[in-house]
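**Student:** Data file protein_30.tsv (TSV, C-alpha atoms and all ligand atoms) is appended below.
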chain	number	residue	atom	x	y	z
A	3	MET	CA	-52.15	-69.90	-116.35
A	4	THR	CA	-52.57	-69.22	-112.65
A	5	ALA	CA	-50.74	-71.32	-110.08
A	6	ILE	CA	-53.19	-70.23	-107.37
A	7	GLU	CA	-56.27	-68.08	-107.76
A	8	ALA	CA	-58.47	-67.00	-104.87
A	9	ILE	CA	-61.63	-64.94	-105.14
A	10	GLY	CA	-63.21	-63.50	-102.00
A	11	LEU	CA	-61.61	-66.36	-100.06
A	12	SER	CA	-62.44	-66.43	-96.35
A	13	LYS	CA	-61.91	-69.01	-93.62
A	14	ARG	CA	-63.36	-68.92	-90.13
A	15	TYR	CA	-62.41	-71.27	-87.29
A	16	ARG	CA	-65.31	-71.21	-84.84
A	17	ARG	CA	-65.68	-67.51	-84.07
A	18	SER	CA	-62.43	-66.09	-85.44
A	19	TRP	CA	-61.57	-65.34	-89.04
A	20	ALA	CA	-58.18	-66.66	-90.17
A	21	LEU	CA	-58.60	-65.28	-93.70
A	22	ARG	CA	-60.84	-62.43	-94.81
A	23	ASP	CA	-61.93	-61.78	-98.37
A	24	CYS	CA	-58.64	-62.65	-100.08
A	25	THR	CA	-58.52	-62.09	-103.81
A	26	LEU	CA	-55.31	-63.15	-105.47
A	27	ALA	CA	-54.11	-64.43	-108.83
A	28	VAL	CA	-50.58	-65.81	-108.77
A	29	PRO	CA	-49.32	-66.65	-112.26
A	30	ALA	CA	-47.67	-70.03	-112.86
A	31	GLY	CA	-43.92	-70.31	-113.41
A	32	HIS	CA	-42.90	-68.33	-110.34
A	33	VAL	CA	-41.27	-69.05	-107.03
A	34	VAL	CA	-43.70	-67.35	-104.70
A	35	ALA	CA	-42.89	-66.36	-101.14
A	36	LEU	CA	-45.89	-66.04	-98.85
A	37	VAL	CA	-44.81	-63.93	-95.90
A	38	GLY	CA	-46.53	-62.56	-92.85
A	39	PRO	CA	-46.29	-62.52	-89.07
A	40	ASN	CA	-47.44	-65.35	-86.78
A	41	GLY	CA	-51.15	-65.92	-87.14
A	42	ALA	CA	-51.38	-64.02	-90.45
A	43	GLY	CA	-53.18	-66.94	-92.10
A	44	LYS	CA	-50.34	-68.39	-94.19
A	45	THR	CA	-50.91	-72.03	-93.18
A	46	THR	CA	-54.64	-71.60	-93.61
A	47	LEU	CA	-54.21	-70.24	-97.14
A	48	LEU	CA	-51.80	-73.04	-98.11
A	49	ASN	CA	-54.07	-75.71	-96.62
A	50	LEU	CA	-56.98	-74.30	-98.60
A	51	ALA	CA	-54.88	-74.36	-101.79
A	52	ALA	CA	-53.87	-77.96	-101.09
A	53	GLY	CA	-57.52	-78.88	-100.57
A	54	LEU	CA	-57.02	-79.91	-96.94
A	55	LEU	CA	-59.46	-77.26	-95.71
A	56	ARG	CA	-62.68	-75.95	-97.20
A	57	PRO	CA	-63.35	-72.20	-97.50
A	58	THR	CA	-66.02	-70.62	-95.33
A	59	ALA	CA	-66.70	-68.25	-98.24
A	60	GLY	CA	-65.25	-67.56	-101.66
A	61	ARG	CA	-63.32	-69.98	-103.83
A	62	ILE	CA	-59.80	-71.10	-104.53
A	63	THR	CA	-58.40	-72.91	-107.58
A	64	VAL	CA	-54.94	-74.10	-108.59
A	65	LEU	CA	-53.15	-74.77	-111.88
A	66	GLY	CA	-55.40	-72.88	-114.23
A	67	GLY	CA	-58.79	-73.17	-112.55
A	68	ARG	CA	-58.80	-76.67	-111.04
A	69	PRO	CA	-60.89	-76.46	-107.83
A	70	ALA	CA	-58.63	-76.98	-104.80
A	71	GLY	CA	-59.08	-80.50	-103.44
A	72	SER	CA	-60.39	-81.93	-106.71
A	73	ASP	CA	-58.71	-85.00	-108.23
A	74	ALA	CA	-57.35	-82.85	-111.07
A	75	ALA	CA	-55.84	-80.41	-108.57
A	76	ARG	CA	-54.32	-83.14	-106.42
A	77	ALA	CA	-52.78	-84.82	-109.46
A	78	GLY	CA	-50.69	-81.77	-110.27
A	79	LEU	CA	-49.75	-80.68	-106.78
A	80	ALA	CA	-47.34	-81.71	-104.04
A	81	PHE	CA	-47.72	-80.28	-100.56
A	82	VAL	CA	-45.18	-80.36	-97.75
A	83	ALA	CA	-46.87	-79.42	-94.50
A	84	GLN	CA	-45.16	-77.62	-91.63
A	85	ASP	CA	-42.66	-79.83	-89.71
A	86	ALA	CA	-42.36	-82.27	-92.67
A	87	PRO	CA	-44.65	-85.04	-91.45
A	88	LEU	CA	-42.81	-88.33	-92.00
A	89	TYR	CA	-43.01	-91.75	-90.32
A	90	PRO	CA	-40.19	-91.69	-87.73
A	91	HIS	CA	-39.93	-95.47	-87.31
A	92	LEU	CA	-39.32	-96.12	-91.03
A	93	THR	CA	-35.95	-96.07	-92.74
A	94	VAL	CA	-35.35	-93.47	-95.46
A	95	ASP	CA	-35.73	-96.23	-98.06
A	96	GLY	CA	-38.91	-97.46	-96.41
A	97	MET	CA	-40.31	-93.93	-96.35
A	98	LEU	CA	-39.63	-93.58	-100.09
A	99	ARG	CA	-41.35	-96.92	-100.77
A	100	VAL	CA	-44.45	-95.89	-98.78
A	101	ALA	CA	-44.59	-92.52	-100.54
A	102	GLY	CA	-44.09	-94.26	-103.91
A	103	GLY	CA	-47.03	-96.57	-103.20
A	104	LEU	CA	-49.27	-93.56	-102.58
A	105	ASN	CA	-48.39	-91.67	-105.75
A	106	ALA	CA	-49.31	-92.70	-109.28
A	107	THR	CA	-46.68	-90.47	-110.91
A	108	TRP	CA	-43.82	-91.51	-108.62
A	109	ASP	CA	-40.26	-91.24	-109.97
A	110	GLY	CA	-38.49	-93.64	-107.60
A	111	GLN	CA	-35.14	-93.56	-109.38
A	112	ARG	CA	-34.97	-89.84	-109.07
A	113	ALA	CA	-35.82	-89.96	-105.37
A	114	THR	CA	-33.18	-92.60	-104.61
A	115	ALA	CA	-30.52	-90.73	-106.60
A	116	ARG	CA	-31.35	-87.48	-104.86
A	117	ILE	CA	-31.05	-89.02	-101.40
A	118	ALA	CA	-27.69	-90.60	-102.38
A	119	ASN	CA	-26.42	-87.27	-103.76
A	120	LEU	CA	-27.29	-85.59	-100.50
A	121	GLY	CA	-25.28	-88.22	-98.60
A	122	ILE	CA	-28.30	-89.30	-96.56
A	123	PRO	CA	-27.95	-93.01	-95.57
A	124	ALA	CA	-30.90	-94.88	-97.08
A	125	ASP	CA	-30.98	-97.37	-94.20
A	126	ARG	CA	-31.13	-94.73	-91.46
A	127	LYS	CA	-34.35	-94.40	-89.48
A	128	VAL	CA	-36.23	-91.15	-90.17
A	129	ARG	CA	-36.19	-90.33	-86.45
A	130	ALA	CA	-32.38	-90.41	-86.51
A	131	LEU	CA	-32.09	-87.83	-89.29
A	132	SER	CA	-31.14	-84.23	-88.60
A	133	GLY	CA	-33.74	-81.50	-89.15
A	134	GLY	CA	-32.05	-80.52	-92.41
A	135	GLN	CA	-31.99	-84.13	-93.65
A	136	ARG	CA	-35.67	-84.56	-92.76
A	137	ALA	CA	-36.51	-81.39	-94.70
A	138	GLN	CA	-34.51	-82.67	-97.68
A	139	LEU	CA	-36.28	-86.05	-97.50
A	140	ALA	CA	-39.67	-84.32	-97.49
A	141	LEU	CA	-38.60	-82.19	-100.48
A	142	THR	CA	-37.33	-85.32	-102.27
A	143	ILE	CA	-40.68	-87.05	-101.77
A	144	ALA	CA	-42.56	-83.99	-103.00
A	145	LEU	CA	-40.36	-83.63	-106.11
A	146	ALA	CA	-40.54	-87.35	-106.95
A	147	LYS	CA	-44.26	-86.81	-107.55
A	148	ARG	CA	-43.19	-84.59	-110.45
A	149	PRO	CA	-45.69	-81.89	-109.46
A	150	GLU	CA	-46.58	-78.86	-111.55
A	151	LEU	CA	-47.13	-76.92	-108.34
A	152	LEU	CA	-45.12	-77.46	-105.17
A	153	ILE	CA	-46.49	-75.93	-101.96
A	154	LEU	CA	-44.23	-75.78	-98.91
A	155	ASP	CA	-45.41	-74.52	-95.52
A	156	GLU	CA	-42.48	-73.06	-93.55
A	157	PRO	CA	-40.05	-75.59	-95.05
A	158	MET	CA	-37.04	-74.02	-93.38
A	159	ALA	CA	-38.45	-73.23	-89.95
A	160	SER	CA	-36.29	-75.71	-88.04
A	161	LEU	CA	-33.15	-75.41	-90.14
A	162	ASP	CA	-29.92	-73.64	-89.21
A	163	PRO	CA	-28.55	-71.04	-91.68
A	164	LEU	CA	-26.29	-73.56	-93.47
A	165	ALA	CA	-29.05	-76.16	-93.83
A	166	ARG	CA	-31.40	-73.38	-95.02
A	167	HIS	CA	-28.84	-72.38	-97.63
A	168	GLU	CA	-28.56	-75.98	-98.86
A	169	PHE	CA	-32.32	-76.44	-98.87
A	170	LEU	CA	-32.85	-73.27	-100.91
A	171	GLY	CA	-30.12	-74.37	-103.34
A	172	ALA	CA	-31.85	-77.73	-103.80
A	173	LEU	CA	-35.18	-76.01	-104.35
A	174	MET	CA	-33.73	-73.63	-106.93
A	175	ALA	CA	-32.08	-76.53	-108.79
A	176	ALA	CA	-35.42	-78.35	-108.90
A	177	VAL	CA	-37.15	-75.25	-110.24
A	178	ALA	CA	-34.48	-74.87	-112.93
A	179	ASP	CA	-34.72	-78.58	-113.89
A	180	ASP	CA	-38.49	-79.00	-113.84
A	181	GLY	CA	-39.86	-75.50	-114.41
A	182	LEU	CA	-42.48	-76.08	-111.75
A	183	SER	CA	-44.30	-73.37	-109.79
A	184	VAL	CA	-43.43	-73.12	-106.12
A	185	VAL	CA	-45.31	-71.41	-103.31
A	186	PHE	CA	-43.66	-71.40	-99.91
A	187	SER	CA	-44.39	-69.61	-96.66
A	188	SER	CA	-41.63	-68.15	-94.57
A	189	HIS	CA	-40.81	-65.85	-91.69
A	190	VAL	CA	-37.26	-65.34	-92.88
A	191	VAL	CA	-37.76	-62.23	-94.96
A	192	SER	CA	-34.04	-61.58	-95.44
A	193	GLU	CA	-33.57	-64.75	-97.54
A	194	LEU	CA	-36.49	-64.26	-99.87
A	195	GLU	CA	-34.62	-62.13	-102.38
A	196	ARG	CA	-32.35	-65.06	-103.17
A	197	ILE	CA	-35.08	-67.37	-104.31
A	198	ALA	CA	-38.51	-65.76	-104.69
A	199	ASP	CA	-39.46	-63.80	-107.80
A	200	TYR	CA	-43.03	-63.22	-106.64
A	201	LEU	CA	-44.19	-62.02	-103.26
A	202	VAL	CA	-47.47	-62.23	-101.35
A	203	VAL	CA	-47.67	-60.42	-98.01
A	204	LEU	CA	-50.43	-61.59	-95.71
A	205	ASN	CA	-51.30	-59.68	-92.56
A	206	GLY	CA	-54.22	-60.24	-90.22
A	207	GLY	CA	-55.89	-62.62	-92.67
A	208	ARG	CA	-55.77	-60.17	-95.57
A	209	VAL	CA	-53.54	-59.92	-98.62
A	210	GLN	CA	-51.64	-56.69	-98.18
A	211	LEU	CA	-49.23	-56.75	-101.08
A	212	ALA	CA	-48.76	-59.07	-104.05
A	213	GLY	CA	-46.71	-58.93	-107.20
A	214	GLU	CA	-43.53	-59.80	-109.04
A	215	VAL	CA	-40.46	-58.89	-107.00
A	216	ASP	CA	-38.94	-56.94	-109.93
A	217	ARG	CA	-42.16	-54.99	-110.26
A	218	LEU	CA	-42.28	-54.23	-106.53
A	219	LEU	CA	-38.68	-52.99	-106.65
A	220	ALA	CA	-39.40	-50.84	-109.70
A	221	THR	CA	-42.40	-49.20	-108.05
A	222	HIS	CA	-40.90	-48.46	-104.62
A	223	ALA	CA	-38.07	-46.17	-103.57
A	224	VAL	CA	-36.39	-44.99	-100.41
A	225	LEU	CA	-36.24	-41.20	-100.38
A	226	THR	CA	-33.81	-39.46	-98.07
A	227	GLY	CA	-34.18	-35.73	-97.60
A	228	PRO	CA	-34.58	-32.77	-95.28
A	229	GLY	CA	-35.79	-33.52	-91.74
A	230	GLY	CA	-39.29	-32.44	-90.86
A	231	GLU	CA	-40.67	-33.39	-94.27
A	232	MET	CA	-42.27	-36.67	-93.32
A	233	ALA	CA	-45.44	-35.89	-95.24
A	234	LEU	CA	-43.94	-35.29	-98.66
A	235	GLN	CA	-46.73	-34.23	-101.04
A	236	VAL	CA	-45.92	-35.26	-104.58
A	237	PRO	CA	-48.68	-36.23	-107.02
A	238	GLY	CA	-48.63	-39.95	-107.87
A	239	LEU	CA	-46.41	-40.80	-104.93
A	240	THR	CA	-47.66	-42.57	-101.79
A	241	VAL	CA	-45.64	-42.61	-98.58
A	242	VAL	CA	-45.81	-46.19	-97.24
A	243	GLU	CA	-43.58	-45.54	-94.24
A	244	ALA	CA	-41.87	-42.48	-92.81
A	245	SER	CA	-38.96	-42.60	-90.41
A	246	GLY	CA	-35.73	-40.76	-89.73
A	247	THR	CA	-34.20	-38.27	-87.37
A	248	GLY	CA	-34.89	-34.56	-86.92
A	249	ALA	CA	-32.10	-33.76	-89.38
A	250	GLN	CA	-33.03	-36.29	-92.06
A	251	ALA	CA	-36.29	-37.83	-93.26
A	252	ARG	CA	-36.39	-41.35	-94.69
A	253	LEU	CA	-39.49	-42.30	-96.64
A	254	LEU	CA	-40.40	-45.56	-98.32
A	255	VAL	CA	-42.64	-44.49	-101.18
A	256	ARG	CA	-44.69	-46.19	-103.86
A	257	THR	CA	-45.20	-44.81	-107.33
A	258	ALA	CA	-45.94	-46.05	-110.86
A	259	ASP	CA	-42.26	-45.89	-111.83
A	260	ALA	CA	-39.60	-45.22	-109.23
A	261	ARG	CA	-36.91	-44.18	-111.72
A	262	GLY	CA	-35.86	-40.56	-111.38
A	263	ILE	CA	-38.55	-39.64	-108.89
A	264	ALA	CA	-36.39	-37.81	-106.33
A	265	PRO	CA	-37.76	-34.27	-105.80
A	266	PRO	CA	-35.15	-31.47	-105.60
A	267	GLY	CA	-33.08	-31.85	-102.43
A	268	TRP	CA	-33.94	-35.55	-102.05
A	269	GLN	CA	-32.01	-38.71	-102.88
A	270	ALA	CA	-33.79	-41.82	-104.20
A	271	ASP	CA	-32.45	-45.37	-103.64
A	272	GLU	CA	-33.82	-48.81	-104.47
A	273	PRO	CA	-35.12	-50.52	-101.32
A	274	SER	CA	-34.43	-54.16	-100.51
A	275	VAL	CA	-37.31	-56.62	-100.65
A	276	GLU	CA	-36.98	-56.93	-96.88
A	277	GLU	CA	-37.45	-53.18	-96.42
A	278	ILE	CA	-40.58	-53.22	-98.56
A	279	VAL	CA	-42.09	-56.20	-96.74
A	280	LEU	CA	-41.35	-54.83	-93.27
A	281	ALA	CA	-42.79	-51.41	-94.13
A	282	TYR	CA	-46.10	-52.97	-95.17
A	283	LEU	CA	-46.16	-55.32	-92.18
A	284	ARG	CA	-45.59	-52.46	-89.76
A	285	ASP	CA	-48.65	-50.64	-91.10
A	286	PRO	CA	-51.57	-53.04	-91.60
A	287	ALA	CA	-53.53	-50.20	-93.24
A	288	ALA	CA	-50.96	-49.87	-96.02
A	289	SER	CA	-51.95	-51.89	-99.04
A	290	ALA	CA	-50.90	-52.06	-102.65
A	291	LEU	CA	-53.11	-54.45	-104.46
A	292	PRO	CA	-53.66	-54.48	-108.15
A	293	GLY	CA	-56.72	-56.31	-109.46
A	294	PRO	CA	-56.30	-59.95	-110.56
A	295	ALA	CA	-56.02	-59.00	-114.25
A	296	MET	CA	-53.15	-56.64	-113.49
A	297	LEU	CA	-51.42	-59.25	-111.40
A	298	LEU	CA	-51.61	-61.70	-114.26
A	299	ALA	CA	-50.25	-59.20	-116.69
A	300	GLY	CA	-47.48	-58.25	-114.27
A	301	GLY	CA	-48.93	-54.75	-114.43
A	302	PRO	CA	-48.08	-51.85	-112.21
A	303	VAL	CA	-48.73	-52.00	-108.53
A	304	VAL	CA	-51.15	-49.21	-107.70
A	305	THR	CA	-52.87	-47.94	-104.61
A	306	SER	CA	-56.11	-49.75	-104.00
B	401	LIG	P1	-47.63	-69.03	-88.11
B	401	LIG	O1	-46.65	-68.16	-88.83
B	401	LIG	O2	-47.61	-68.78	-86.64
B	401	LIG	O3	-47.54	-70.47	-88.49
B	401	LIG	P2	-49.84	-68.54	-89.91
B	401	LIG	O4	-49.64	-67.27	-90.67
B	401	LIG	O5	-49.55	-69.80	-90.61
B	401	LIG	O6	-49.09	-68.48	-88.53
B	401	LIG	P3	-52.45	-69.71	-89.40
B	401	LIG	O7	-51.88	-70.93	-88.76
B	401	LIG	O8	-53.08	-69.85	-90.73
B	401	LIG	O9	-51.38	-68.53	-89.45
B	401	LIG	O10	-53.52	-69.11	-88.38
B	401	LIG	C1	-54.33	-67.98	-88.68
B	401	LIG	C2	-55.28	-67.73	-87.51
B	401	LIG	O11	-56.21	-68.80	-87.41
B	401	LIG	C3	-54.59	-67.63	-86.17
B	401	LIG	O12	-55.23	-66.65	-85.41
B	401	LIG	C4	-54.78	-69.00	-85.57
B	401	LIG	O13	-54.83	-68.93	-84.16
B	401	LIG	C5	-56.14	-69.40	-86.13
B	401	LIG	N1	-56.23	-70.86	-86.32
B	401	LIG	C6	-55.45	-71.61	-87.11
B	401	LIG	N2	-55.84	-72.91	-87.08
B	401	LIG	C7	-56.90	-72.97	-86.22
B	401	LIG	C8	-57.76	-74.03	-85.76
B	401	LIG	N3	-57.61	-75.28	-86.19
B	401	LIG	N4	-58.74	-73.70	-84.91
B	401	LIG	C9	-58.92	-72.43	-84.48
B	401	LIG	N5	-58.16	-71.37	-84.88
B	401	LIG	C10	-57.16	-71.65	-85.74
How does this structure look as structure tokens?

**Tutor:**
Amino acid sequence: MTAIEAIGLSKRYRRSWALRDCTLAVPAGHVVALVGPNGAGKTTLLNLAAGLLRPTAGRITVLGGRPAGSDAARAGLAFVAQDAPLYPHLTVDGMLRVAGGLNATWDGQRATARIANLGIPADRKVRALSGGQRAQLALTIALAKRPELLILDEPMASLDPLARHEFLGALMAAVADDGLSVVFSSHVVSELERIADYLVVLNGGRVQLAGEVDRLLATHAVLTGPGGEMALQVPGLTVVEASGTGAQARLLVRTADARGIAPPGWQADEPSVEEIVLAYLRDPAASALPGPAMLLAGGPVVTS
């Protein structure tokens, strides 16, 4: 089953395109990080998936083909928008009651217990909560819906590193307990490895890279070798990014299987997820997109 599937998805605001011809099939059961620079189209894509925006062209479905925005899609999905919109004048308890009244599948006991476990006073006004507590309250409300798919837009943007750590821990515990699919957008590439097992890189409104993190790591390598060999020519191997000094070349390469690929005189190391993401973001022309069928099968990432 797909958590989110987009085919030729495009969105234009007046004269400018926020998303262009995005085709993507993210399998269910993953924690998906949607990364990209400011203005890449992350919020637009998530709003389309949540059914809050309509595509200009193409289509998007969630949870195995339910059209985004349909009753069936809404029933299985919880969405936490950027800056966790909550009613500031309500108490935490009051906020939970309002949210409970709006959701047919509301698990109030779970929400109350979660807030108590976090040590958040139930009688405190939402406006008096810290940023981290507000984020946790928004996550609690989303989880109490018992969604099959949880979509979070920049959930950690206003949190300090400790609060981010706690938020990610809470999210991982919820994933382990409920087995739900999660899609979240983030700028903080360095933390993705801890939580995400599936990655979508968006740049300039286009999907640049998508796949299981394990698969991306198995198909990329950092090669270190003689300086002056920035354009290494090896069949089946694509140089995504070349850097280094005169004495030493450093290449991030993509290949069908990165094991044992070092040519004579070169050393091959596994890159971090952050290195892979940054290399693709630095070169908008670089792209590694398998077709939807390959994405579903977790197949190899190949040059498009
Ligand atoms: P950020 O990381 O800064 O939140 P993002 O990746 O979420 O960015 P979007 O908010 O989806 O990106 O914006 C994508 C593009 O669409 C940007 O160029 C933005 O200026 C434009 N855009 C977004 N919303 C609107 C709108 N309501 N009207 C006009 N243009 C918009």

**Student:** Check which residues of chain A sit at most 10 Å from ligand LIG 401 (chain B) using only C-alpha atoms and all ligand atoms, and return one row each with the closest pair of atoms and their distance in Å to one decimal, ordered by chain and rising number, as JSON lines.

**Tutor:**
{"residue": "A:Lys13", "atom": "CA", "partner": "B:LIG401", "partner_atom": "O11", "distance": 8.4}
{"residue": "A:Arg14", "atom": "CA", "partner": "B:LIG401", "partner_atom": "O11", "distance": 7.7}
{"residue": "A:Tyr15", "atom": "CA", "partner": "B:LIG401", "partner_atom": "C9", "distance": 4.6}
{"residue": "A:Arg16", "atom": "CA", "partner": "B:LIG401", "partner_atom": "C9", "distance": 6.5}
{"residue": "A:Arg17", "atom": "CA", "partner": "B:LIG401", "partner_atom": "C9", "distance": 8.4}
{"residue": "A:Ser18", "atom": "CA", "partner": "B:LIG401", "partner_atom": "N5", "distance": 6.8}
{"residue": "A:Trp19", "atom": "CA", "partner": "B:LIG401", "partner_atom": "O11", "distance": 6.6}
{"residue": "A:Ala20", "atom": "CA", "partner": "B:LIG401", "partner_atom": "O11", "distance": 4.0}
{"residue": "A:Leu21", "atom": "CA", "partner": "B:LIG401", "partner_atom": "C1", "distance": 7.1}
{"residue": "A:Leu36", "atom": "CA", "partner": "B:LIG401", "partner_atom": "O4", "distance": 9.1}
{"residue": "A:Val37", "atom": "CA", "partner": "B:LIG401", "partner_atom": "O4", "distance": 7.9}
{"residue": "A:Gly38", "atom": "CA", "partner": "B:LIG401", "partner_atom": "O4", "distance": 6.1}
{"residue": "A:Pro39", "atom": "CA", "partner": "B:LIG401", "partner_atom": "O1", "distance": 5.7}
{"residue": "A:Asn40", "atom": "CA", "partner": "B:LIG401", "partner_atom": "O2", "distance": 3.4}
{"residue": "A:Gly41", "atom": "CA", "partner": "B:LIG401", "partner_atom": "O9", "distance": 3.5}
{"residue": "A:Ala42", "atom": "CA", "partner": "B:LIG401", "partner_atom": "O4", "distance": 3.7}
{"residue": "A:Gly43", "atom": "CA", "partner": "B:LIG401", "partner_atom": "O8", "distance": 3.2}
{"residue": "A:Lys44", "atom": "CA", "partner": "B:LIG401", "partner_atom": "O4", "distance": 3.8}
{"residue": "A:Thr45", "atom": "CA", "partner": "B:LIG401", "partner_atom": "O5", "distance": 3.7}
{"residue": "A:Thr46", "atom": "CA", "partner": "B:LIG401", "partner_atom": "O8", "distance": 3.7}
{"residue": "A:Leu47", "atom": "CA", "partner": "B:LIG401", "partner_atom": "O8", "distance": 6.5}
{"residue": "A:Leu48", "atom": "CA", "partner": "B:LIG401", "partner_atom": "O8", "distance": 8.1}
{"residue": "A:Asn49", "atom": "CA", "partner": "B:LIG401", "partner_atom": "O8", "distance": 8.4}
{"residue": "A:Leu50", "atom": "CA", "partner": "B:LIG401", "partner_atom": "O8", "distance": 9.8}
{"residue": "A:Leu55", "atom": "CA", "partner": "B:LIG401", "partner_atom": "N3", "distance": 9.9}
{"residue": "A:Gln84", "atom": "CA", "partner": "B:LIG401", "partner_atom": "O3", "distance": 8.2}
{"residue": "A:Asp155", "atom": "CA", "partner": "B:LIG401", "partner_atom": "O5", "distance": 8.0}
{"residue": "A:Glu156", "atom": "CA", "partner": "B:LIG401", "partner_atom": "O3", "distance": 7.6}
{"residue": "A:Ala159", "atom": "CA", "partner": "B:LIG401", "partner_atom": "O3", "distance": 9.6}
{"residue": "A:Ser187", "atom": "CA", "partner": "B:LIG401", "partner_atom": "O5", "distance": 8.0}
{"residue": "A:Ser188", "atom": "CA", "partner": "B:LIG401", "partner_atom": "O1", "distance": 7.6}
{"residue": "A:His189", "atom": "CA", "partner": "B:LIG401", "partner_atom": "O1", "distance": 6.9}
{"residue": "A:Leu204", "atom": "CA", "partner": "B:LIG401", "partner_atom": "O4", "distance": 7.6}
{"residue": "A:Asn205", "atom": "CA", "partner": "B:LIG401", "partner_atom": "O4", "distance": 8.0}
{"residue": "A:Gly206", "atom": "CA", "partner": "B:LIG401", "partner_atom": "C1", "distance": 7.9}
{"residue": "A:Gly207", "atom": "CA", "partner": "B:LIG401", "partner_atom": "C1", "distance": 6.9}

**Student:** Please indicate the distance in Å from CA of Arg166 in chain A to CA of Ser192 in chain A, rounded to one decimal place.

**Tutor:**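 CA of Arg166 in chain A sits 12.1 Å away from CA of Ser192 in chain A.
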
**Student:** Do you have the CA of Asp73 in chain A-CA of Leu92 in chain A distance handy?

**Tutor:** 28.2 Å

**Student:** Could you check how far CA of Pro69 in chain A sits from CA of Ile9 in chain A, in Å to one decimal?

**Tutor:**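 It comes out at 11.9 Å.
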
**Student:** For a quick check of understanding, using all atoms listed in the file, which of A:Arg261, A:Arg136, A:Arg196, A:Arg112 has the smallest distance to Met97 in chain A?

**Tutor:** A:Arg136

**Student:** Would you kindly return, as a list in words, each protein, DNA or RNA residue with an atom no farther than 8 Å from any atom of Leu161 in chain A, considering only C-alpha atoms and excluding same-chain residues fewer than 4 positions away?

**Tutor:** Gly133, Gly134, Ala165 and Arg166 of chain A

**Student:** Using all atoms listed in the file, which protein or nucleic acid residues come within 10 Å of range 171-179 of chain A? Drop anything in the same chain fewer than 3 positions from it, and give the result as a VMD selection string.

**Tutor:** chain A and resid 31 to 33 116 120 138 141 to 142 145 152 165 to 168 182 to 184 196 to 198

**Student:** Please provide as JSON, numbers by chain all residues within 12 Å of Val224 in chain A, with the sequence filter that same-chain residues fewer than 2 positions apart are discarded (counting all atoms listed in the file).

**Tutor:** {"A": [219, 220, 221, 222, 226, 227, 239, 240, 241, 242, 243, 244, 245, 246, 251, 252, 253, 254, 255, 256, 257, 260, 261, 262, 263, 264, 268, 269, 270, 271, 272, 273, 274, 275, 277, 278, 281]}

**Student:** Could you name the residues that touch Gly71 in chain A at 12 Å or less, counting only C-alpha atoms, but leaving out those on the same chain fewer than 3 positions away, as a PyMOL selection string?

**Tutor:** chain A and resi 48-57+61-65+67-68+74-81

**Student:** Complete range 119-131 of chain A with N, CA and C atoms (output as a PDB file, in the coordinates of the input).

**Tutor:**
ATOM      1  N   ASN A 119     -27.207 -88.483-103.506  1.00  0.00           N
ATOM      2  CA  ASN A 119     -26.420 -87.270-103.760  1.00  0.00           C
ATOM      3  C   ASN A 119     -26.287 -86.395-102.520  1.00  0.00           C
ATOM      4  N   LEU A 120     -27.319 -86.417-101.706  1.00  0.00           N
ATOM      5  CA  LEU A 120     -27.290 -85.590-100.500  1.00  0.00           C
ATOM      6  C   LEU A 120     -26.478 -86.245 -99.382  1.00  0.00           C
ATOM      7  N   GLY A 121     -26.064 -87.504 -99.612  1.00  0.00           N
ATOM      8  CA  GLY A 121     -25.280 -88.220 -98.600  1.00  0.00           C
ATOM      9  C   GLY A 121     -26.128 -88.667 -97.427  1.00  0.00           C
ATOM     10  N   ILE A 122     -27.433 -88.825 -97.652  1.00  0.00           N
ATOM     11  CA  ILE A 122     -28.300 -89.300 -96.560  1.00  0.00           C
ATOM     12  C   ILE A 122     -28.349 -90.834 -96.625  1.00  0.00           C
ATOM     13  N   PRO A 123     -27.943 -91.537 -95.540  1.00  0.00           N
ATOM     14  CA  PRO A 123     -27.950 -93.010 -95.570  1.00  0.00           C
ATOM     15  C   PRO A 123     -29.372 -93.545 -95.737  1.00  0.00           C
ATOM     16  N   ALA A 124     -29.556 -94.394 -96.757  1.00  0.00           N
ATOM     17  CA  ALA A 124     -30.900 -94.880 -97.080  1.00  0.00           C
ATOM     18  C   ALA A 124     -31.434 -95.819 -95.993  1.00  0.00           C
ATOM     19  N   ASP A 125     -30.507 -96.421 -95.203  1.00  0.00           N
ATOM     20  CA  ASP A 125     -30.980 -97.370 -94.200  1.00  0.00           C
ATOM     21  C   ASP A 125     -31.155 -96.720 -92.814  1.00  0.00           C
ATOM     22  N   ARG A 126     -30.972 -95.410 -92.759  1.00  0.00           N
ATOM     23  CA  ARG A 126     -31.130 -94.730 -91.460  1.00  0.00           C
ATOM     24  C   ARG A 126     -32.611 -94.499 -91.161  1.00  0.00           C
ATOM     25  N   LYS A 127     -32.969 -94.654 -89.885  1.00  0.00           N
ATOM     26  CA  LYS A 127     -34.350 -94.400 -89.480  1.00  0.00           C
ATOM     27  C   LYS A 127     -34.639 -92.886 -89.596  1.00  0.00           C
ATOM     28  N   VAL A 128     -35.845 -92.561 -90.012  1.00  0.00           N
ATOM     29  CA  VAL A 128     -36.230 -91.150 -90.170  1.00  0.00           C
ATOM     30  C   VAL A 128     -36.021 -90.384 -88.860  1.00  0.00           C
ATOM     31  N   ARG A 129     -36.322 -91.047 -87.734  1.00  0.00           N
ATOM     32  CA  ARG A 129     -36.190 -90.330 -86.450  1.00  0.00           C
ATOM     33  C   ARG A 129     -34.749 -89.994 -86.106  1.00  0.00           C
ATOM     34  N   ALA A 130     -33.795 -90.669 -86.774  1.00  0.00           N
ATOM     35  CA  ALA A 130     -32.380 -90.410 -86.510  1.00  0.00           C
ATOM     36  C   ALA A 130     -31.785 -89.373 -87.453  1.00  0.00           C
ATOM     37  N   LEU A 131     -32.606 -88.851 -88.360  1.00  0.00           N
ATOM     38  CA  LEU A 131     -32.090 -87.830 -89.290  1.00  0.00           C
ATOM     39  C   LEU A 131     -32.041 -86.473 -88.611  1.00  0.00           C
TER      40      LEU A 131
END
